[in-house]
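Undergrad: Quick one: the structure is below, and I'll ask about it shortly.
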Amino acid sequence: MQRSPGSKSEQSPVPENRTNVPFEIYKLEDASCNHHLKDGAPHLHNSFELVWVLEGSGDYLVDNEQHEVGADMVYCLTPGQLHQFKPDTATKGYVITFSPEFLLMPEDNAALIFHASSFHKLSGTTIIELSADIREEMEDLAGKMLKEFASFLLLRSEILRGLLNIFMIYLTRQYRPTIAPVVKAGNKALVNRFFSIVEKKYMEYKLVAEYADELAVTPNHLNEMVKKVSGFPASHHIRQRVILEAKRLATYSGASMKEIAYSLGFDDIAHFSKFFKNFSGRSFTDYKREAMQQFLSI
């Protein structure tokens, strides 16, 4: 059971209202965008988010990884990623937010952008650089989405969904994964299902055998297939998903180590402390102090 976060100081990062929003689009330079992106506080939500910078610079901190903001870059965030956007005053572009249910693109195509990085680094952020020849067409689509979003005409959601799908296709064409393993379709489907279950049950399941039972395969086969696709065995990804959530909670929630350990399925705080240090490379206390300093300093 997930415990509620503890009390927060005025300077602590806080989660945004995590209720799913089907679709939103704003210009980065509009004040309307400030309520969930540029208010200076680290936050998270349950939607996908595309932050497209047309011009300008700054910093973007996502799950404690700092990225420099640059022109013609699209930052693709998945639900639950803790992020803090610090652009300069001249930054222009768009932010597009949508729920998982709103996008009609086939799952494999959507995963190409939003989940490919999770195969080797669960906390990774997909960043796509757009070529000059595609920018005009994508700007046209963004402009149409912005106009439709501001209207309340008949079939508004259907038009927005259609425009978003075309936009995502253009974006997918620009994506250049750093690793493109050659695997059979059946094995890829198995690995995709594994990651989907990890995302839903990482607080409950900690053993490869538990995931293998869900997938009706042997633990050895699951480990082998996941390693063939991602470069790491299934056990690595299970542990890293738990570590990632622990880091997020440590950074924004204000909860104690004991509360976080309990929320992630650990009954013994000493076991959690050892687990965190072994698989993150530093103690929980040191990580929390460094993470808070990093978020508050940019």
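Just remember, in the structure tokens the first chain shown is A, the second B, etc., residues are 1-based per chain, and ligands are 1-based in the order shown.
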Excluding Phe149 of chain A and residues on its chain fewer than 4 positions from it, collect all residues at most 8 Å away from it, counting only C-alpha atoms, and give them as a PyMOL selection string.

TA: chain A and resi 24-25+145+156+160

Undergrad: Can you pull out the residues contacting segment 135-139 of chain A? Cut-off 12 Å, using only C-alpha atoms, and skip same-chain residues under 5 positions away; I want them as a ChimeraX atom specification.

TA: /A:27,52-54,71-74,93-94,129-130,144-146,163-174

Undergrad: Looking at only C-alpha atoms, which of A:Thr126, A:Asn46, A:Ser131, A:Thr97 is the one that sits closest to His67 of chain A?

TA: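 Once distances to His67 of chain A are computed over only C-alpha atoms, the minimum belongs to A:Thr126.
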
Undergrad: Using DSSP on the backbone, list every residue of segment 32-276 of chain A that comes out as alpha helix (DSSP H), and give them as a PyMOL selection string.

TA: chain A and resi 107-114+132-149+156-174+185-201+208-215+219-230+234-252+257-263+269-276

Undergrad: Please identify all polymer residues within 10 Å of segment 244-246 of chain A, counting only C-alpha atoms, omitting same-chain residues fewer than 6 positions from it, and present them as an MDAnalysis selection string.

TA: chainID A and resid 63 80:82 121:123 202:203 257 260:261 263:264 272 276 280 284 288

Undergrad: May I have the residues within 12 Å of Val62 of chain A as JSON, numbers by chain, using only C-alpha atoms and disregarding those fewer than 6 positions away in the same chain?

TA: {"A": [42, 43, 44, 68, 69, 75, 76, 77, 78, 79, 80, 81, 82, 83, 84, 85, 86, 122, 123, 124, 125, 126, 127, 244, 247, 248, 251, 291, 294, 295]}
